[in-house]
Amino acid sequence: MTLSTLINLTDVSKRYDMGSVVVNALAGINLTIHRGEFISVTGPSGSGKSTLMNILGCLDVPTSGDFYFDGQDISQLNDSGLATIRNKMIGFVFQTYNLLPRLTALQNVELPLIYGNVRNRRRLASEALNKVGLSDRGDHLPAELSGGQQQRVGIARALATEPSVLLADEPTGNLDSHSTSEIIKIIQDLNQSQDLTVILVTHETEIAELANRSINIVDGSIVEDKRNN
């Protein structure tokens, strides 16, 4: 079976000019990601993995090199074009949940749909909550939910727009071991049952090895790209 390419990076570099200091955050990254893959990204602090995730999420653009997302040349897009890619094709999950405290779980999940002026927002948000097992918690505020439940709301919010790829940045970093297992199981199920492409940043080796493929970054370069059993 031929795998369909979703993301392709060729010789991608990112340089930050900080006065008299130049920081080379990424140095010639070559990476192809196929639809339906579950990839973990690891590396020490300052390795460039956050920069890579920002570029993959169209939050930043490379200094040099080619980046194609679903066949589109990202370098040719303006800010509006990048925002469209982010809003419609990428779901973001954060370590700190980023839920608005005065909104219910359902209202938090609706937010990206409101920004995207999507119809049937309430139905789509309810369906997303159901996918993470929180259909009975839609009217609860974040403070009334456990950490694991708040992160599930965060995942539901990312799923609401039916994205092509889920970018998860340390999604279990603030969770206990039980909640961590629940969140990883949900992500695995979404990847397998819905063919959702998942790119997950983690410091935990055990979690990284649960992905189908693991990428390790050191000093802005990919030093290992392996398949996991």
# chains A, B, ... in the order shown; residues from 1 in each chain; ligands from 1
>>> residues_around(residues="Asn174 of chain A", least_positions_apart="5", cutoff="10 Å", atoms="only C-alpha atoms", output="VMD selection string")
chain A and resid 95 to 97 147 to 148 151 179 to 180
>>> closest_residue(among="A:Arg86, A:Lys185, A:His140, A:His178", to="Ser164 of chain A", atoms="only C-alpha atoms")
A:Arg86
>>> select_by_dssp(residues="segment 25-195 of chain A", states="strand (DSSP E)", output="MDAnalysis selection string")
chainID A and resid 25:34 38:42 64:69 72:73 90:94 165:169
>>> write_last_selection(atoms="N, CA and C atoms", output="short mmCIF file (atom, residue, chain, number, x, y, z; two decimals), in the first residue's frame")
data_model
loop_
_atom_site.label_atom_id
_atom_site.label_comp_id
_atom_site.auth_asym_id
_atom_site.auth_seq_id
_atom_site.Cartn_x
_atom_site.Cartn_y
_atom_site.Cartn_z
N ALA A 25 18.28 27.38 15.35
CA ALA A 25 17.39 26.47 16.08
C ALA A 25 17.17 25.16 15.33
N LEU A 26 17.12 25.23 14.00
CA LEU A 26 17.00 24.03 13.17
C LEU A 26 18.05 24.10 12.08
N ALA A 27 18.66 22.95 11.78
CA ALA A 27 19.76 22.94 10.82
C ALA A 27 19.55 21.85 9.78
N GLY A 28 18.87 22.21 8.69
CA GLY A 28 18.73 21.29 7.57
C GLY A 28 17.87 20.07 7.86
N ILE A 29 16.65 20.29 8.34
CA ILE A 29 15.75 19.19 8.67
C ILE A 29 15.12 18.61 7.39
N ASN A 30 15.22 17.30 7.24
CA ASN A 30 14.54 16.58 6.17
C ASN A 30 13.58 15.59 6.81
N LEU A 31 12.28 15.75 6.52
CA LEU A 31 11.28 14.95 7.22
C LEU A 31 10.04 14.78 6.35
N THR A 32 9.59 13.55 6.20
CA THR A 32 8.35 13.25 5.51
C THR A 32 7.40 12.55 6.48
N ILE A 33 6.19 13.07 6.59
CA ILE A 33 5.18 12.49 7.48
C ILE A 33 3.98 12.08 6.62
N HIS A 34 3.57 10.83 6.75
CA HIS A 34 2.46 10.30 5.97
C HIS A 34 1.16 10.38 6.77
N PHE A 38 1.56 7.99 13.65
CA PHE A 38 1.63 8.47 15.03
C PHE A 38 3.12 8.60 15.34
N ILE A 39 3.59 9.84 15.44
CA ILE A 39 5.01 10.14 15.59
C ILE A 39 5.27 10.84 16.91
N SER A 40 6.30 10.39 17.61
CA SER A 40 6.74 11.10 18.81
C SER A 40 8.03 11.86 18.49
N VAL A 41 8.17 13.02 19.13
CA VAL A 41 9.36 13.85 18.94
C VAL A 41 10.00 14.07 20.31
N THR A 42 11.25 13.69 20.44
CA THR A 42 11.97 13.84 21.70
C THR A 42 13.26 14.62 21.46
N SER A 64 14.94 29.03 5.78
CA SER A 64 15.28 28.49 4.47
C SER A 64 14.78 27.06 4.37
N GLY A 65 14.74 26.55 3.15
CA GLY A 65 14.24 25.20 2.92
C GLY A 65 12.80 25.21 2.45
N ASP A 66 12.30 24.03 2.12
CA ASP A 66 10.95 23.87 1.59
C ASP A 66 10.05 23.13 2.58
N PHE A 67 8.84 23.63 2.75
CA PHE A 67 7.85 23.01 3.63
C PHE A 67 6.52 22.93 2.90
N TYR A 68 6.09 21.69 2.63
CA TYR A 68 4.80 21.46 1.98
C TYR A 68 3.86 20.78 2.96
N PHE A 69 2.67 21.33 3.09
CA PHE A 69 1.63 20.76 3.94
C PHE A 69 0.43 20.43 3.05
N GLN A 72 0.56 21.94 -0.31
CA GLN A 72 0.68 23.40 -0.42
C GLN A 72 2.07 23.86 0.02
N ASP A 73 2.64 24.76 -0.77
CA ASP A 73 3.92 25.35 -0.43
C ASP A 73 3.68 26.43 0.62
N ILE A 90 -5.24 21.73 11.47
CA ILE A 90 -4.37 21.36 12.58
C ILE A 90 -5.10 21.52 13.90
N GLY A 91 -5.05 20.49 14.72
CA GLY A 91 -5.59 20.56 16.08
C GLY A 91 -4.44 20.61 17.07
N PHE A 92 -4.48 21.57 18.00
CA PHE A 92 -3.40 21.75 18.96
C PHE A 92 -3.83 21.29 20.35
N VAL A 93 -2.95 20.53 21.01
CA VAL A 93 -3.17 20.12 22.40
C VAL A 93 -1.96 20.58 23.20
N PHE A 94 -2.23 21.27 24.33
CA PHE A 94 -1.15 21.88 25.11
C PHE A 94 -0.99 21.22 26.48
N VAL A 165 -4.29 16.75 11.19
CA VAL A 165 -3.18 16.38 12.07
C VAL A 165 -3.41 16.94 13.47
N LEU A 166 -3.02 16.15 14.47
CA LEU A 166 -3.09 16.58 15.86
C LEU A 166 -1.67 16.81 16.35
N LEU A 167 -1.37 18.04 16.78
CA LEU A 167 -0.07 18.38 17.35
C LEU A 167 -0.22 18.49 18.86
N ALA A 168 0.43 17.59 19.57
CA ALA A 168 0.30 17.54 21.02
C ALA A 168 1.66 17.83 21.66
N ASP A 169 1.74 18.93 22.38
CA ASP A 169 3.00 19.37 23.01
C ASP A 169 2.98 19.00 24.49
#
>>> residues_around(residues="Pro163 of chain A", least_positions_apart="2", cutoff="12 Å", atoms="only C-alpha atoms", output="PyMOL selection string")
chain A and resi 35-36+57+70+84-92+112-113+128+155-161+165-167+190-191+194-198
>>> select_by_dssp(residues="segment 3-214 of chain A", states="alpha helix (DSSP H)", output="PyMOL selection string")
chain A and resi 49-56+79-89+105-115+121-131+147-159+177-193+205-208
>>> atom_distance(atom1="atom CA of Val12 of chain A", atom2="atom CA of Thr63 of chain A")
7.5 Å
